[in-house]
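Scroll down for the structure; my scribbles are underneath it.
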Amino acid sequence: MDALRSGGDEVLFVQDGVETGYGQALDLVRRMYAGLPERGVVAIDAGNRPETVLLQIAAQLRGSTVLLVAASASSPDRLAAVEAAGVTTLVTEQPSDWPAGDGRVITLDELLDHDGADPAGMPGSVTVVFPTGGTTGAPKLIRHSGIYDGMAHIFAPDPAAPGRALLIAPMTHMTGNATVLGAILRRESVVLLRGFDAGAVLDAIAERRITTLSLTPARLAEVLDHPAMTSTDVSSVRQLSLGAAPLPPRRLAQALEVFGPVVGQGYGLTEAPMIASISAAELDGRPDRLESVGRIVPGMEARIDDGEVLVRGLSMMVGYHGSPPIGDGWLRTGDLGRFDHEGYLYLLDRANDVIITGEHGTKVYSTVVENALARHPLIRSVAVFGVPGDGGEGERVHAVVVASGALSAEEVRAQARDFFGREHFVPSDVDFADALPLTAIGKVDKRALREPFWAGHRRRIA
């Protein structure tokens, strides 16, 4: 609120060529605040537009808990999240997406049709609830509070010059939410994209002189491969953050070459958004670290238990909705990893994405195979996962490849065979696709790729 009050006519949001100043944003908050009831649980179902995050602020000023309805969630999961969270008011862009006659549902336009009112006071803290992405099962509701308190004290305007952030991730996901709130606290401008398009990203960087942006590995690959990449001036970028999944080393090296020493990789979960990070300086002259997600950030701890990464510390969620607070307890990340002697963390796979294959039932980590295949100069992107063997017995390594030129399945297999020198790492089957399916937050949707192969099976292991 201090940032909105002091920003005046400075530009806060830019979308489709339309600018919204800090003062205008404050007026929108006051109008939505006037139309909201006190307390309760407010669900927000909206895309990337200024009103989405400003509604979050208005609801929190009313003392409400905010549920951010994930853009990637299925209709049943969205309904389940709203009911499980005990939502009392649901604000949406698309009322037709919700059951008719639900008295809790109001539209953003209705909420904006109020005269503004000044908040009665400031809440002592805020609570935001995020459903999980749902790519590995039914979503859980994750409650966050402390990380927002921390942001309010950590983020401050850059004395050098205001930055210009490019927001690609949905505001209703943790990455997008933290990006836009952090930008407001730093008194930056935020260029909003409604969805991802590699050409639009490059256009925005060049036209708006973007200084900070965040990309997932799949989206970074599309940007790097876009025909306009070589002719686009990206010198304004001071920070390019990569996350959501480990980046293939070849792609990270390419990003450093194209964007310069401004590329860093981070590791976090919705439950604990900041776990580890690695900067361009730490990668300089250390190609062995290209596969690492970095060292554990201050305030967090991590350890390995039976191959799985466990974490605890300051960025942790309050807990899952309906369960006791996690407190100082350890969170099982579901990620398999290892530390090197310098404390750098290397992720091997998801715990439930291990392929048990070969005559000895060897564990094959799909990310390791993906990284090896991605070294091939014609492989733009690749997803590896386990599929049931003949008769549903045993598991085979399956690869879906997006290639930039003529490539055969046998050449893909040869890449794995030459790299690993062991047959059980070699994909038994290779499919080719024009693109890999992505979730709304830009992760490769392996669930969608894997599902047809496991249809009719009672379990997802063989």
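Just remember, in the structure tokens the first chain shown is A, the second B, etc., residues are 1-based per chain, and ligands are 1-based in the order shown.
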
Quick one: contact table of stretch 196-241 of chain A to stretch 166-183 of chain A, 9 Å max, nearest atom pair and distance in Å to one decimal per residue, counting only C-alpha atoms, chain and number order, as CSV?
residue,atom,partner,partner_atom,distance
A:Phe196,CA,A:Ile168,CA,6.2
A:Val201,CA,A:Leu166,CA,8.1
A:Ala204,CA,A:Leu166,CA,7.7
A:Ile205,CA,A:Leu166,CA,7.9
A:Ile210,CA,A:Leu166,CA,6.4
A:Thr211,CA,A:Leu166,CA,8.0
A:Thr212,CA,A:Leu166,CA,6.4
A:Leu213,CA,A:Leu166,CA,5.1
A:Ser214,CA,A:Ile168,CA,7.5
A:Leu215,CA,A:Ile168,CA,7.7

Expected answer as an MDAnalysis selection string: strand (DSSP E or B) residues in stretch 249-354 of chain A:
chainID A and resid 263:267 276:278 294:296 300:305 308:313 319:320 331:339 344:350 354

Step one, run DSSP on the backbone; step two, keep only residues of stretch 154-277 of chain A assigned to alpha helix (DSSP H); then write them as a PyMOL selection string.
chain A and resi 154+174-185+198-208+217-225+249-259

For stretch 216-219 of chain A, work out the shell of residues within 8 Å, counting only C-alpha atoms and skipping chain neighbours fewer than 6 positions away, then give it as an MDAnalysis selection string.
chainID A and resid 196 198 242:248 381 441:444

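If you count only C-alpha atoms and ignore residues fewer than 4 places along the chain from A:Glu301, what sits within 9 Å of it is A:Ile275, A:Ile296, A:Val297, A:Leu310, A:Val311, A:Arg312, A:Gly313.
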
Which residues of stretch 235-281 of chain A come within 9 Å of stretch 144-163 of chain A, and for each one, what is the closest pair of atoms and their distance in Å to one decimal, counting only C-alpha atoms, sorted by chain and residue number, as a Markdown table?
| residue | atom | partner | partner_atom | distance |
| --- | --- | --- | --- | --- |
| A:Glu271 | CA | A:His144 | CA | 8.0 |
| A:Ala272 | CA | A:Ile147 | CA | 9.0 |
| A:Pro273 | CA | A:Ile147 | CA | 8.6 |

Restricting the output to all heavy atoms, write the selected residues as a PDB file, in the first residue's frame.
ATOM      1  N   GLU A 271       5.305 -25.548  -1.876  1.00  0.00           N
ATOM      2  CA  GLU A 271       5.364 -25.661  -0.410  1.00  0.00           C
ATOM      3  C   GLU A 271       6.542 -24.897   0.185  1.00  0.00           C
ATOM      4  O   GLU A 271       6.482 -24.446   1.331  1.00  0.00           O
ATOM      5  CB  GLU A 271       5.482 -27.137   0.005  1.00  0.00           C
ATOM      6  CG  GLU A 271       4.238 -27.959  -0.260  1.00  0.00           C
ATOM      7  CD  GLU A 271       4.255 -28.645  -1.610  1.00  0.00           C
ATOM      8  OE1 GLU A 271       4.927 -28.146  -2.538  1.00  0.00           O
ATOM      9  OE2 GLU A 271       3.592 -29.690  -1.745  1.00  0.00           O
ATOM     10  N   ALA A 272       7.618 -24.761  -0.569  1.00  0.00           N
ATOM     11  CA  ALA A 272       8.831 -24.069  -0.107  1.00  0.00           C
ATOM     12  C   ALA A 272       9.477 -23.416  -1.328  1.00  0.00           C
ATOM     13  O   ALA A 272      10.342 -24.013  -1.965  1.00  0.00           O
ATOM     14  CB  ALA A 272       9.786 -25.059   0.562  1.00  0.00           C
ATOM     15  N   PRO A 273       9.066 -22.200  -1.671  1.00  0.00           N
ATOM     16  CA  PRO A 273       9.462 -21.610  -2.945  1.00  0.00           C
ATOM     17  C   PRO A 273      10.953 -21.349  -3.118  1.00  0.00           C
ATOM     18  O   PRO A 273      11.429 -21.305  -4.244  1.00  0.00           O
ATOM     19  CB  PRO A 273       8.683 -20.290  -2.970  1.00  0.00           C
ATOM     20  CG  PRO A 273       7.554 -20.493  -2.027  1.00  0.00           C
ATOM     21  CD  PRO A 273       8.082 -21.388  -0.957  1.00  0.00           C
TER      22      PRO A 273
END

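Residues in contact with stretch 362-373 of chain A at up to 6 Å, not including ones fewer than 5 positions away on its chain and judged by only C-alpha atoms, are Pro248, Leu348, Asp349, Val354, Ile355, Ile356, Thr357, Val384 and Phe385 of chain A.
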
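The shortest atom-to-atom distance to A:Phe130, with only C-alpha atoms taken into account, belongs to A:Asp45 out of A:Asp2, A:Glu282, A:Asp45, A:Glu410.
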
Mind giving me the straight-line distance from atom CA of A:Pro287 to atom CA of A:Asp225 in Å, one decimal?
21.8 Å

Residues near stretch 338-341 of chain A, cut-off 9 Å, only C-alpha atoms, skip fewer than 2 positions along chain, as a PyMOL selection string
chain A and resi 295+303-304+307-309+336+343-348

I'd like the neighbourhood of A:Ser404 as number ranges by chain, where a residue qualifies if any of its atoms comes within 10 Å (using only C-alpha atoms), though same-chain residues fewer than 3 positions away should be ignored.
A: 225, 377-381, 401, 407, 434

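Reported to one decimal place, the separation of atom CA of A:Arg49 from atom CA of A:Gly124 is 26.9 Å.
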
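Candidate residues A:Leu202, A:Val105, A:Val14, A:Ala80 were compared for distance to A:Asn48, and the nearest is A:Val14, using only C-alpha atoms.
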
Of the listed residues A:Pro427, A:Gly116, A:Gly322, A:Gly7, that which approaches A:Gly86 most closely, counting only C-alpha atoms:
A:Gly322

A:Ser408 proximity check over A:Asp27, A:Gly386, A:Ala43, A:Phe432, using only C-alpha atoms: winner is A:Phe432

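Take atom CA of A:Ser315 and atom CA of A:Ser64: the distance between them is 21.5 Å.
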